[in-house]
$ cat structure-v3.cif   # mmCIF, C-alpha atoms
data_data
#
loop_
_atom_site.label_atom_id
_atom_site.label_comp_id
_atom_site.auth_asym_id
_atom_site.auth_seq_id
_atom_site.Cartn_x
_atom_site.Cartn_y
_atom_site.Cartn_z
CA MET A 1 104.84 116.43 55.87
CA GLU A 2 101.27 117.39 54.95
CA ASP A 3 101.53 115.28 51.77
CA ILE A 4 102.65 112.27 53.83
CA LEU A 5 99.81 112.72 56.30
CA ASN A 6 97.25 113.03 53.51
CA LYS A 7 98.60 109.88 51.88
CA ILE A 8 98.48 107.94 55.16
CA GLU A 9 94.92 109.10 55.78
CA GLU A 10 93.83 108.10 52.27
CA LEU A 11 95.43 104.65 52.47
CA ALA A 12 94.31 104.00 56.04
CA ILE A 13 90.69 104.71 55.14
CA SER A 14 90.99 102.58 52.01
CA HIS A 15 92.42 99.55 53.83
CA ASP A 16 90.79 99.80 57.26
CA ARG A 17 87.18 100.78 56.58
CA LEU A 18 84.87 97.78 56.97
CA THR A 19 81.74 97.08 54.98
CA PRO A 20 78.60 95.54 56.52
CA GLU A 21 78.96 92.69 54.03
CA LEU A 22 82.47 91.82 55.21
CA ILE A 23 81.43 91.97 58.86
CA LYS A 24 78.57 89.59 58.15
CA GLU A 25 80.70 87.26 56.01
CA LYS A 26 83.39 86.94 58.69
CA ASP A 27 80.79 86.80 61.51
CA ILE A 28 82.71 89.53 63.32
CA LYS A 29 81.31 90.91 66.55
CA LEU A 30 82.54 94.45 65.90
CA GLY A 31 83.08 96.35 69.12
CA LEU A 32 82.56 93.02 70.93
CA ARG A 33 78.83 93.50 70.26
CA ASN A 34 76.27 90.92 69.17
CA PRO A 35 74.01 91.79 66.21
CA ASP A 36 71.29 92.92 68.66
CA GLY A 37 73.68 95.40 70.32
CA THR A 38 74.32 93.43 73.50
CA GLY A 39 77.88 92.72 74.57
CA VAL A 40 79.70 89.51 73.70
CA MET A 41 80.29 87.44 76.84
CA ALA A 42 84.04 87.80 77.29
CA GLY A 43 84.37 87.08 80.99
CA ILE A 44 82.60 86.43 84.25
CA THR A 45 82.31 88.62 87.34
CA SER A 46 80.61 88.74 90.72
CA LYS A 47 80.91 92.53 90.96
CA GLY A 48 78.31 94.21 88.78
CA THR A 49 75.37 93.01 86.68
CA VAL A 50 73.55 95.27 84.23
CA ILE A 51 70.06 94.20 83.11
CA GLY A 52 68.15 95.91 80.31
CA TYR A 53 66.08 93.09 78.82
CA LYS A 54 63.88 90.24 79.97
CA TYR A 55 63.27 86.92 78.24
CA LEU A 56 59.70 85.77 77.65
CA PRO A 57 58.55 82.46 76.09
CA ARG A 58 57.22 82.84 72.55
CA ASP A 59 53.62 81.89 71.89
CA ASP A 60 54.65 79.34 69.27
CA GLY A 61 56.94 77.53 71.71
CA SER A 62 60.08 78.27 69.66
CA GLY A 63 62.07 79.51 72.62
CA ASP A 64 62.41 82.77 74.49
CA GLU A 65 62.08 86.25 73.04
CA LYS A 66 64.26 89.08 74.30
CA VAL A 67 62.20 92.18 75.04
CA PRO A 68 63.12 95.60 76.49
CA SER A 69 62.50 96.00 80.22
CA ASP A 70 63.06 98.46 83.01
CA GLY A 71 66.73 98.52 83.86
CA LYS A 72 68.31 96.97 86.90
CA LEU A 73 71.83 97.34 88.29
CA MET A 74 73.24 94.84 90.78
CA TYR A 75 76.30 95.19 92.98
CA CYS A 76 77.53 91.77 94.13
CA GLY A 77 73.98 90.41 93.90
CA TYR A 78 72.29 93.38 95.62
CA ASP A 79 69.91 95.70 93.77
CA VAL A 80 71.56 99.14 93.78
CA ALA A 81 68.21 100.88 94.19
CA ASP A 82 67.63 98.91 97.40
CA LEU A 83 71.15 99.58 98.65
CA VAL A 84 71.06 103.35 98.25
CA ASN A 85 67.50 103.67 99.53
CA HIS A 86 68.16 101.62 102.67
CA ILE A 87 71.47 103.31 103.45
CA HIS A 88 70.11 106.84 103.10
CA SER A 89 66.89 105.98 104.95
CA GLU A 90 69.17 105.19 107.91
CA LYS A 91 70.69 108.68 107.54
CA ARG A 92 74.11 107.31 106.69
CA PHE A 93 76.54 108.14 103.91
CA GLY A 94 76.97 105.06 101.75
CA PHE A 95 80.05 105.39 99.55
CA ASP A 96 82.35 103.61 102.03
CA GLU A 97 79.86 100.75 102.44
CA ILE A 98 79.47 100.34 98.68
CA THR A 99 83.26 100.33 98.35
CA TYR A 100 83.60 97.60 100.97
CA LEU A 101 80.87 95.54 99.28
CA LEU A 102 82.47 95.74 95.84
CA LEU A 103 85.96 94.92 97.11
CA THR A 104 84.90 92.01 99.32
CA GLY A 105 81.61 90.76 97.87
CA GLU A 106 79.87 91.10 101.24
CA LEU A 107 78.09 93.84 103.17
CA PRO A 108 80.18 94.90 106.18
CA THR A 109 79.24 94.47 109.80
CA GLU A 110 79.08 97.69 111.78
CA ASP A 111 82.56 97.04 113.21
CA ASP A 112 83.99 96.21 109.78
CA LEU A 113 82.48 99.34 108.24
CA ASN A 114 83.79 101.58 111.02
CA SER A 115 87.26 100.06 110.66
CA PHE A 116 87.20 100.40 106.87
CA SER A 117 85.99 104.01 107.00
CA ARG A 118 88.79 104.87 109.42
CA ALA A 119 91.31 103.33 107.02
CA LEU A 120 89.98 105.48 104.16
CA LYS A 121 89.96 108.63 106.30
CA ASN A 122 93.55 108.01 107.41
CA ARG A 123 94.69 107.80 103.77
CA ARG A 124 92.92 110.83 102.28
CA SER A 125 95.74 113.29 102.86
CA LEU A 126 98.58 113.38 100.36
CA THR A 127 102.16 112.81 101.47
CA LYS A 128 104.79 115.50 100.98
CA LEU A 129 106.12 113.64 97.91
CA GLU A 130 102.62 113.23 96.46
CA ARG A 131 101.92 116.96 96.93
CA SER A 132 105.21 117.73 95.25
CA ILE A 133 104.34 115.52 92.29
CA LEU A 134 100.94 117.21 92.04
CA MET A 135 102.44 120.69 91.93
CA GLN A 136 104.97 119.61 89.29
CA GLU A 137 102.74 117.47 87.09
CA ALA A 138 99.29 119.05 87.17
CA ILE A 139 100.15 121.58 84.45
CA ASN A 140 97.69 120.52 81.77
CA GLU A 141 94.36 122.30 82.01
CA ASN A 142 92.52 119.12 80.99
CA GLN A 143 91.73 117.60 84.36
CA MET A 144 91.61 114.01 83.09
CA TYR A 145 95.06 114.37 81.52
CA ALA A 146 96.39 115.76 84.80
CA LEU A 147 94.75 112.95 86.80
CA HIS A 148 96.26 110.32 84.50
CA SER A 149 99.71 111.84 84.84
CA LEU A 150 99.50 112.07 88.62
CA ILE A 151 98.32 108.53 89.27
CA SER A 152 101.06 107.09 87.05
CA HIS A 153 103.68 109.09 88.94
CA PHE A 154 102.29 108.08 92.34
CA SER A 155 104.01 104.74 91.75
CA ARG A 156 107.20 106.66 92.67
CA CYS A 157 105.83 106.88 96.22
CA ASP A 158 105.51 103.09 96.49
CA GLN A 159 108.45 100.88 97.50
CA ARG A 160 106.87 97.82 95.84
CA PRO A 161 104.68 99.20 93.03
CA ASN A 162 104.84 96.05 90.88
CA SER A 163 103.61 93.54 93.43
CA THR A 164 100.57 91.52 92.33
CA ASP A 165 100.11 89.87 95.71
CA ILE A 166 96.40 90.25 96.51
CA LYS A 167 97.06 91.95 99.85
CA ASP A 168 99.43 94.42 98.22
CA VAL A 169 97.06 95.09 95.32
CA SER A 170 94.13 95.59 97.72
CA ASP A 171 96.23 97.95 99.84
CA ARG A 172 97.17 100.07 96.82
CA CYS A 173 93.61 100.12 95.54
CA ILE A 174 92.25 101.29 98.91
CA ASN A 175 94.96 103.92 99.00
CA LEU A 176 93.96 105.25 95.57
CA ILE A 177 90.24 105.14 96.38
CA ALA A 178 90.91 107.25 99.49
CA LYS A 179 93.14 109.76 97.69
CA PHE A 180 91.21 110.25 94.45
CA PRO A 181 88.80 112.90 95.85
CA THR A 182 91.70 114.85 97.32
CA VAL A 183 93.68 114.61 94.08
CA VAL A 184 90.74 115.71 91.92
CA ALA A 185 90.02 118.73 94.15
CA TYR A 186 93.69 119.71 94.44
CA ASN A 187 94.23 119.30 90.70
CA TYR A 188 91.50 121.81 90.02
CA HIS A 189 92.89 124.35 92.49
CA VAL A 190 96.39 124.00 91.06
CA MET A 191 95.02 124.60 87.57
CA LYS A 192 93.23 127.75 88.78
CA TYR A 193 96.40 128.85 90.60
CA ARG A 194 98.41 128.62 87.40
CA LYS A 195 95.84 130.96 85.84
CA GLY A 196 96.38 133.55 88.56
CA ALA A 197 93.94 132.57 91.33
CA ASN A 198 94.94 132.04 94.95
CA LEU A 199 96.04 128.51 95.83
CA ASN A 200 93.23 127.09 98.00
CA ILE A 201 94.62 123.83 99.31
CA ARG A 202 92.81 122.57 102.41
CA LYS A 203 93.38 119.46 104.48
CA PRO A 204 90.72 116.73 104.47
CA VAL A 205 88.53 116.75 107.60
CA PRO A 206 88.59 113.36 109.38
CA GLU A 207 85.00 113.70 110.62
CA PHE A 208 83.60 114.30 107.11
CA SER A 209 82.32 111.62 104.76
CA THR A 210 83.88 111.16 101.31
CA ALA A 211 81.13 113.29 99.76
CA GLU A 212 81.41 116.03 102.39
CA ASN A 213 85.19 116.08 102.14
CA PHE A 214 85.30 116.49 98.38
CA LEU A 215 82.78 119.35 98.36
CA TYR A 216 84.64 120.98 101.26
CA LEU A 217 88.04 120.63 99.56
CA LEU A 218 86.58 122.06 96.36
CA LYS A 219 84.49 124.93 97.74
CA GLY A 220 86.00 125.70 101.15
CA LYS A 221 82.89 125.16 103.24
CA LYS A 222 80.93 122.22 104.59
CA PRO A 223 78.05 121.36 102.24
CA THR A 224 74.46 121.31 103.39
CA GLU A 225 73.05 117.95 104.40
CA PHE A 226 71.01 117.71 101.19
CA GLU A 227 74.04 118.56 99.03
CA ALA A 228 76.24 116.02 100.80
CA TYR A 229 73.67 113.22 100.51
CA ILE A 230 72.88 113.85 96.86
CA PHE A 231 76.60 113.84 96.00
CA ASP A 232 77.09 110.65 98.05
CA LEU A 233 74.23 109.16 96.03
CA ALA A 234 75.92 110.10 92.74
CA LEU A 235 79.17 108.47 93.91
CA MET A 236 77.39 105.26 94.87
CA LEU A 237 75.56 105.07 91.54
CA HIS A 238 78.76 105.63 89.52
CA ALA A 239 80.97 103.23 91.52
CA GLU A 240 80.49 100.17 89.31
CA HIS A 241 78.76 99.07 86.13
CA GLY A 242 79.82 95.54 85.28
CA GLY A 243 82.91 94.27 83.52
CA GLY A 244 81.85 95.18 80.00
CA ASN A 245 81.95 98.97 80.08
CA ASN A 246 84.96 100.31 78.21
CA SER A 247 87.05 101.61 81.10
CA THR A 248 86.50 98.58 83.35
CA PHE A 249 87.23 96.17 80.52
CA THR A 250 90.39 98.20 79.84
CA VAL A 251 91.46 97.90 83.49
CA ARG A 252 90.83 94.16 83.38
CA THR A 253 92.75 93.77 80.12
CA VAL A 254 95.77 95.68 81.41
CA SER A 255 95.59 93.87 84.77
CA SER A 256 95.56 90.51 82.99
CA SER A 257 98.97 91.30 81.49
CA GLY A 258 100.56 91.56 84.94
CA ALA A 259 100.84 95.37 84.86
CA ASN A 260 100.93 97.11 88.22
CA THR A 261 97.99 98.76 89.95
CA TYR A 262 98.94 102.31 88.97
CA MET A 263 99.21 101.45 85.27
CA ALA A 264 95.93 99.52 85.34
CA ILE A 265 94.03 102.38 86.99
CA CYS A 266 95.65 104.86 84.60
CA ALA A 267 94.35 102.75 81.72
CA GLY A 268 90.85 103.17 83.14
CA ILE A 269 91.34 106.94 83.36
CA ALA A 270 92.56 107.02 79.77
CA SER A 271 89.50 105.12 78.58
CA LEU A 272 87.13 107.31 80.59
CA SER A 273 88.63 110.45 79.05
CA GLY A 274 87.13 109.47 75.67
CA HIS A 275 84.02 111.45 74.74
CA LEU A 276 82.06 108.28 73.95
CA HIS A 277 82.44 107.03 77.52
CA GLY A 278 83.13 109.52 80.29
CA GLY A 279 82.29 112.95 78.95
CA ALA A 280 78.59 112.52 78.25
CA ASN A 281 77.35 114.54 81.24
CA GLU A 282 79.44 117.50 80.05
CA ALA A 283 78.00 117.03 76.56
CA VAL A 284 74.45 116.99 77.96
CA MET A 285 74.94 120.33 79.69
CA SER A 286 76.48 121.83 76.56
CA MET A 287 73.56 120.51 74.48
CA MET A 288 71.03 121.92 76.94
CA LYS A 289 72.74 125.30 76.74
CA THR A 290 72.28 125.19 72.96
CA ILE A 291 68.64 124.14 73.30
CA LYS A 292 67.89 126.94 75.78
CA LYS A 293 69.44 129.43 73.41
CA ASN A 294 67.53 128.25 70.33
CA VAL A 295 64.13 127.22 71.70
CA ARG A 296 62.15 130.35 72.47
CA ASP A 297 59.15 128.75 74.20
CA TRP A 298 60.28 126.08 76.67
CA ASN A 299 56.67 124.91 77.02
CA ASP A 300 56.16 124.34 73.30
CA ASP A 301 56.57 120.61 72.61
CA ASP A 302 56.51 121.12 68.85
CA GLU A 303 59.33 123.67 68.94
CA ILE A 304 61.47 121.45 71.20
CA ARG A 305 60.78 118.41 69.03
CA ALA A 306 61.70 120.32 65.87
CA PHE A 307 65.05 121.34 67.36
CA LEU A 308 65.76 117.78 68.53
CA TYR A 309 65.22 116.67 64.94
CA LYS A 310 67.79 119.25 63.87
CA ILE A 311 70.23 117.74 66.39
CA ILE A 312 69.63 114.12 65.36
CA ASN A 313 69.92 115.14 61.67
CA SER A 314 73.36 116.73 62.37
CA GLN A 315 72.02 120.22 61.67
CA ALA A 316 72.41 121.67 65.17
CA ASN A 317 74.47 121.55 68.38
CA ASP A 318 77.83 119.88 67.57
CA ARG A 319 76.45 118.32 64.34
CA THR A 320 77.37 114.77 65.35
CA GLY A 321 73.75 113.61 65.19
CA LYS A 322 73.85 112.60 68.86
CA ILE A 323 71.23 113.54 71.43
CA TYR A 324 73.50 113.28 74.45
CA GLY A 325 72.39 111.51 77.59
CA MET A 326 69.91 109.35 75.71
CA GLY A 327 70.22 105.60 75.25
CA HIS A 328 72.57 102.97 76.59
CA ALA A 329 74.36 99.88 75.34
CA VAL A 330 72.36 97.63 77.70
CA TYR A 331 69.49 99.59 79.29
CA THR A 332 66.37 100.06 77.17
CA LEU A 333 63.18 101.27 78.89
CA SER A 334 65.03 102.88 81.78
CA ASP A 335 68.42 103.34 83.42
CA PRO A 336 67.87 102.72 87.15
CA ARG A 337 70.55 105.25 88.05
CA ALA A 338 68.80 107.93 85.99
CA VAL A 339 65.46 107.10 87.63
CA ILE A 340 66.97 107.63 91.09
CA LEU A 341 68.87 110.80 90.17
CA ARG A 342 65.82 112.30 88.43
CA GLU A 343 63.81 112.19 91.67
CA LYS A 344 66.62 113.95 93.53
CA ALA A 345 67.03 116.45 90.70
CA ILE A 346 63.35 117.41 91.06
CA GLN A 347 63.87 118.15 94.75
CA PHE A 348 67.13 119.98 94.13
CA SER A 349 65.63 122.18 91.39
CA ARG A 350 62.91 123.26 93.82
CA LEU A 351 65.46 124.10 96.50
CA LYS A 352 67.51 126.12 94.03
CA GLY A 353 64.55 127.82 92.39
CA VAL A 354 65.24 126.45 88.90
CA ARG A 355 62.13 124.36 88.33
CA GLU A 356 61.61 125.80 84.83
CA GLU A 357 65.10 124.69 83.80
CA PHE A 358 64.49 121.20 85.15
CA ARG A 359 61.11 120.98 83.40
CA LEU A 360 62.84 121.76 80.11
CA LEU A 361 65.45 119.07 80.80
CA ASP A 362 62.71 116.56 81.59
CA LYS A 363 60.73 117.55 78.50
CA VAL A 364 63.79 117.07 76.31
CA ALA A 365 64.18 113.54 77.74
CA GLU A 366 60.54 112.72 77.01
CA LEU A 367 60.57 114.07 73.46
CA ALA A 368 64.05 112.73 72.63
CA THR A 369 62.81 109.21 73.40
CA GLN A 370 60.09 109.71 70.77
CA VAL A 371 62.40 111.35 68.23
CA ILE A 372 65.00 108.57 68.47
CA TRP A 373 62.30 105.94 67.99
CA GLU A 374 60.79 107.79 65.02
CA LYS A 375 64.17 108.41 63.39
CA LYS A 376 66.05 105.19 64.18
CA GLY A 377 63.52 102.68 65.50
CA ILE A 378 65.54 102.32 68.70
CA VAL A 379 64.02 102.04 72.18
CA SER A 380 65.89 104.51 74.38
CA SER A 381 65.59 106.37 77.65
CA PRO A 382 67.65 108.94 79.58
CA ASN A 383 70.84 107.47 81.01
CA VAL A 384 72.66 108.46 84.19
CA ASP A 385 74.57 111.25 82.44
CA PHE A 386 71.36 113.03 81.51
CA TYR A 387 70.69 114.08 85.11
CA SER A 388 74.11 113.88 86.80
CA GLY A 389 75.47 116.96 85.02
CA PHE A 390 72.41 118.98 86.08
CA ILE A 391 72.92 117.93 89.70
CA TYR A 392 76.64 118.78 89.57
CA LYS A 393 75.75 122.19 88.17
CA LEU A 394 73.37 122.87 91.07
CA LEU A 395 76.12 121.75 93.46
CA GLY A 396 78.36 124.45 92.00
CA ILE A 397 80.86 121.95 90.61
CA PRO A 398 82.87 123.25 87.61
CA ILE A 399 82.14 121.40 84.38
CA GLU A 400 85.84 120.51 84.02
CA LEU A 401 85.41 118.14 86.97
CA TYR A 402 82.38 116.17 85.78
CA THR A 403 84.45 113.38 84.22
CA PRO A 404 87.12 113.32 86.97
CA ILE A 405 84.26 112.86 89.47
CA PHE A 406 83.14 109.88 87.41
CA ALA A 407 86.68 108.48 87.79
CA MET A 408 86.63 109.32 91.50
CA ALA A 409 83.66 107.00 91.94
CA ARG A 410 84.48 104.37 89.31
CA VAL A 411 87.96 103.73 90.71
CA VAL A 412 86.09 101.53 93.20
CA GLY A 413 84.74 99.29 90.44
CA TRP A 414 88.06 99.34 88.61
CA SER A 415 89.80 98.19 91.78
CA ALA A 416 87.30 95.42 92.44
CA HIS A 417 87.62 94.12 88.88
CA ARG A 418 91.42 94.37 88.96
CA ILE A 419 91.55 92.15 92.05
CA GLU A 420 89.10 89.71 90.45
CA GLU A 421 91.12 89.61 87.21
CA ILE A 422 94.35 88.85 89.05
CA ILE A 423 92.66 86.00 90.92
CA GLN A 424 91.26 84.58 87.66
CA ASN A 425 94.79 84.81 86.19
CA LYS A 426 94.18 84.56 82.44
CA ILE A 427 95.61 87.11 80.03
CA ILE A 428 92.91 88.63 77.81
CA ARG A 429 93.65 87.99 74.15
CA PRO A 430 90.62 88.10 71.81
CA GLY A 431 90.91 87.02 68.18
CA TYR A 432 90.82 89.32 65.17
CA GLY A 433 89.95 88.08 61.70
CA SER A 434 91.78 89.37 58.64
CA SER A 435 90.02 91.72 56.24
CA LEU A 436 92.42 90.69 53.46
CA SER A 437 91.39 88.10 50.88
CA HIS A 438 94.83 86.80 49.85
CA GLU A 439 98.57 86.92 50.49
CA PHE A 440 100.61 89.56 48.62
CA GLU A 441 103.94 89.00 46.87
CA TYR A 442 106.77 91.41 47.56
CA THR A 443 107.41 94.02 44.84
CA PRO A 444 110.94 95.49 44.61
CA LEU A 445 111.04 99.22 45.30
CA ARG A 446 112.09 100.13 41.75
CA ASP A 447 109.03 98.35 40.30
CA ARG A 448 106.38 99.99 42.52
CA LYS A 449 104.13 102.56 40.86
#
$ encode --input "structure-v3.cif" --output "structure tokens"
Amino acid sequence: MEDILNKIEELAISHDRLTPELIKEKDIKLGLRNPDGTGVMAGITSKGTVIGYKYLPRDDGSGDEKVPSDGKLMYCGYDVADLVNHIHSEKRFGFDEITYLLLTGELPTEDDLNSFSRALKNRRSLTKLERSILMQEAINENQMYALHSLISHFSRCDQRPNSTDIKDVSDRCINLIAKFPTVVAYNYHVMKYRKGANLNIRKPVPEFSTAENFLYLLKGKKPTEFEAYIFDLALMLHAEHGGGNNSTFTVRTVSSSGANTYMAICAGIASLSGHLHGGANEAVMSMMKTIKKNVRDWNDDDEIRAFLYKIINSQANDRTGKIYGMGHAVYTLSDPRAVILREKAIQFSRLKGVREEFRLLDKVAELATQVIWEKKGIVSSPNVDFYSGFIYKLLGIPIELYTPIFAMARVVGWSAHRIEEIIQNKIIRPGYGSSLSHEFEYTPLRDRK
């Protein structure tokens, strides 16, 4: 068998590896990316808009020039920074309101929001059958694998799982949005139980917000006000990010085929489980652990810079050459989510007495921006994952749950895009050019060498 696998690997690499010359000749947008790194326009959405560049007229009048700019994220036409700042300034938790906005395209009235929040609260608890499925299926220690398995099997609890009627789809999406925090928390406890710990399964508290409930279900006590609000903020900032990110595009692609809601959301979970998409905040914390171990003087810029060069040159950390948490496919000068989370991380580090650790994190971000520019000529900045993992750590959240929490928030965006894709009703089918230069003639088996 090893010989066969080696042969397949050798031939696959030989036939499937693409050269820059071939990509240019065929004018292929590999990865659905334009030559400048921006995404190919493959669809249209009212849900999320991601802005990382601005267009300025050239001095010679030859058109506009695309230049890096501070990032901006819009939800249904509203600036996310404005949304979260206004909501929290009113001393309200905002995840339910953001969910309503993304599903409907409009901000709710007070009555609509109260009604919607009640609907979510009434659906948080798992049914007897859902709990049974969780206990049977949540065997794998990888929490994303377990989440994927559970959501696919939750279709067994639905009498009409395949309906694509908009009311039915919306109902199932709201149901999943409400249950995801409970499922993620329960999954973790079941995994710990299988390792010998006590089974700490608690019922959701109707009076608690989504953020409060998750932290309560996970840790067994009501979080402080600051903890609850900072986690609510993280959920709001992760809820949506346009139609072009890998997991949302996957949900839209699967939805366009007529697949049911459970399969479409599972496709999003599967995409998010990939280390190039959903696991970056875990990778940041692992990288920082390596940096803290190898950099003796956390205040020495030269020593930190030298180690970052080792990382980018594939000589340190996981030897991939990646400085995790830096850069983004669209954002350039700044990721607005990272800007917001950084300010909260400063406050949180003071409360927790870990200001030195935060200063090192911040210094790594500053120096990594310089190192990436010097090494690759790329304008980069810290992305949302750079600070979210640090905040989750201070909240006492296990690292195994960092990516499931991402899914817990992003299921809102997935749901909004699924509904939009069904309404637009056009199966996604991009074209692929052939890398072969001619047609082959069949050779009989006895004549093959």
$ closest_residue --input "structure-v3.cif" --among "A:Leu272, A:His417, A:Ile291, A:Glu212" --to "Cys173 (chain A)" --atoms "only C-alpha atoms"
A:His417
$ resolve_selection --input "structure-v3.cif" --expression "the PyMOL selection byres ((chain A and resi 146) around 12)" --output "PyMOL selection string"
chain A and resi 133-145+147-153+183-188+190-191+266+269-270+273+400-401+404
$ write_last_selection --input "structure-v3.cif" --atoms "C-alpha atoms" --output "compact mmCIF listing (two decimals), keeping the file's coordinate frame"
# COMPACT_ATOMS: atom_id res chain seq x y z
CA ILE A 133 104.34 115.52 92.29
CA LEU A 134 100.94 117.21 92.04
CA MET A 135 102.44 120.69 91.93
CA GLN A 136 104.97 119.61 89.29
CA GLU A 137 102.74 117.47 87.09
CA ALA A 138 99.29 119.05 87.17
CA ILE A 139 100.15 121.58 84.45
CA ASN A 140 97.69 120.52 81.77
CA GLU A 141 94.36 122.30 82.01
CA ASN A 142 92.52 119.12 80.99
CA GLN A 143 91.73 117.60 84.36
CA MET A 144 91.61 114.01 83.09
CA TYR A 145 95.06 114.37 81.52
CA LEU A 147 94.75 112.95 86.80
CA HIS A 148 96.26 110.32 84.50
CA SER A 149 99.71 111.84 84.84
CA LEU A 150 99.50 112.07 88.62
CA ILE A 151 98.32 108.53 89.27
CA SER A 152 101.06 107.09 87.05
CA HIS A 153 103.68 109.09 88.94
CA VAL A 183 93.68 114.61 94.08
CA VAL A 184 90.74 115.71 91.92
CA ALA A 185 90.02 118.73 94.15
CA TYR A 186 93.69 119.71 94.44
CA ASN A 187 94.23 119.30 90.70
CA TYR A 188 91.50 121.81 90.02
CA VAL A 190 96.39 124.00 91.06
CA MET A 191 95.02 124.60 87.57
CA CYS A 266 95.65 104.86 84.60
CA ILE A 269 91.34 106.94 83.36
CA ALA A 270 92.56 107.02 79.77
CA SER A 273 88.63 110.45 79.05
CA GLU A 400 85.84 120.51 84.02
CA LEU A 401 85.41 118.14 86.97
CA PRO A 404 87.12 113.32 86.97
$ closest_residue --input "structure-v3.cif" --among "A:Tyr432, A:Pro35, A:Asp168, A:Lys121" --to "Pro20 (chain A)" --atoms "all atoms listed in the file"
A:Pro35
$ resolve_selection --input "structure-v3.cif" --expression "the PyMOL selection byres ((chain A and resi 343) around 12)" --output "number ranges by chain"
A: 230, 233, 336-342, 344-350, 358, 362, 387-388, 391
$ resolve_selection --input "structure-v3.cif" --expression "the PyMOL selection byres ((chain A and resi 182) around 8)" --output "ChimeraX atom specification"
/A:124-126,178-181,183-186,204,214,217
$ closest_residue --input "structure-v3.cif" --among "A:Leu103, A:Ile265, A:Leu83, A:Thr127" --to "Lys167 (chain A)" --atoms "all atoms listed in the file"
A:Leu103
$ atom_distance --input "structure-v3.cif" --atom1 "CA of Tyr75 (chain A)" --atom2 "CA of Ser415 (chain A)"
13.9 Å
$ closest_residue --input "structure-v3.cif" --among "A:Thr332, A:Asn317, A:Thr443, A:Thr253" --to "Ile427 (chain A)" --atoms "only C-alpha atoms"
A:Thr253
$ decode --input "structure-v3.cif" --residues "region 394-406 of chain A" --atoms "N, CA and C atoms" --output "PDB file, in the first residue's frame"
ATOM      1  N   LEU A 394      -7.957  35.255  28.910  1.00  0.00           N
ATOM      2  CA  LEU A 394      -8.251  35.977  30.142  1.00  0.00           C
ATOM      3  C   LEU A 394      -9.650  35.658  30.666  1.00  0.00           C
ATOM      4  N   LEU A 395     -10.546  35.257  29.768  1.00  0.00           N
ATOM      5  CA  LEU A 395     -11.895  34.839  30.191  1.00  0.00           C
ATOM      6  C   LEU A 395     -11.902  33.430  30.768  1.00  0.00           C
ATOM      7  N   GLY A 396     -10.766  32.739  30.677  1.00  0.00           N
ATOM      8  CA  GLY A 396     -10.687  31.374  31.188  1.00  0.00           C
ATOM      9  C   GLY A 396     -11.302  30.348  30.265  1.00  0.00           C
ATOM     10  N   ILE A 397     -11.396  30.684  28.981  1.00  0.00           N
ATOM     11  CA  ILE A 397     -11.972  29.765  28.003  1.00  0.00           C
ATOM     12  C   ILE A 397     -10.884  28.820  27.502  1.00  0.00           C
ATOM     13  N   PRO A 398     -11.125  27.506  27.514  1.00  0.00           N
ATOM     14  CA  PRO A 398     -10.122  26.546  27.024  1.00  0.00           C
ATOM     15  C   PRO A 398      -9.822  26.773  25.550  1.00  0.00           C
ATOM     16  N   ILE A 399      -8.578  26.568  25.162  1.00  0.00           N
ATOM     17  CA  ILE A 399      -8.149  26.843  23.796  1.00  0.00           C
ATOM     18  C   ILE A 399      -8.881  25.965  22.783  1.00  0.00           C
ATOM     19  N   GLU A 400      -9.349  24.788  23.215  1.00  0.00           N
ATOM     20  CA  GLU A 400     -10.082  23.900  22.304  1.00  0.00           C
ATOM     21  C   GLU A 400     -11.380  24.532  21.798  1.00  0.00           C
ATOM     22  N   LEU A 401     -11.851  25.571  22.505  1.00  0.00           N
ATOM     23  CA  LEU A 401     -13.142  26.171  22.157  1.00  0.00           C
ATOM     24  C   LEU A 401     -13.007  27.452  21.350  1.00  0.00           C
ATOM     25  N   TYR A 402     -11.791  27.893  21.063  1.00  0.00           N
ATOM     26  CA  TYR A 402     -11.634  29.157  20.347  1.00  0.00           C
ATOM     27  C   TYR A 402     -12.309  29.122  18.983  1.00  0.00           C
ATOM     28  N   THR A 403     -12.082  28.054  18.213  1.00  0.00           N
ATOM     29  CA  THR A 403     -12.707  27.975  16.888  1.00  0.00           C
ATOM     30  C   THR A 403     -14.198  27.667  16.969  1.00  0.00           C
ATOM     31  N   PRO A 404     -14.663  26.766  17.861  1.00  0.00           N
ATOM     32  CA  PRO A 404     -16.111  26.596  18.013  1.00  0.00           C
ATOM     33  C   PRO A 404     -16.835  27.890  18.392  1.00  0.00           C
ATOM     34  N   ILE A 405     -16.179  28.762  19.174  1.00  0.00           N
ATOM     35  CA  ILE A 405     -16.796  30.054  19.507  1.00  0.00           C
ATOM     36  C   ILE A 405     -16.934  30.905  18.247  1.00  0.00           C
ATOM     37  N   PHE A 406     -15.931  30.837  17.390  1.00  0.00           N
ATOM     38  CA  PHE A 406     -16.015  31.515  16.093  1.00  0.00           C
ATOM     39  C   PHE A 406     -17.267  31.031  15.353  1.00  0.00           C
TER      40      PHE A 406
END
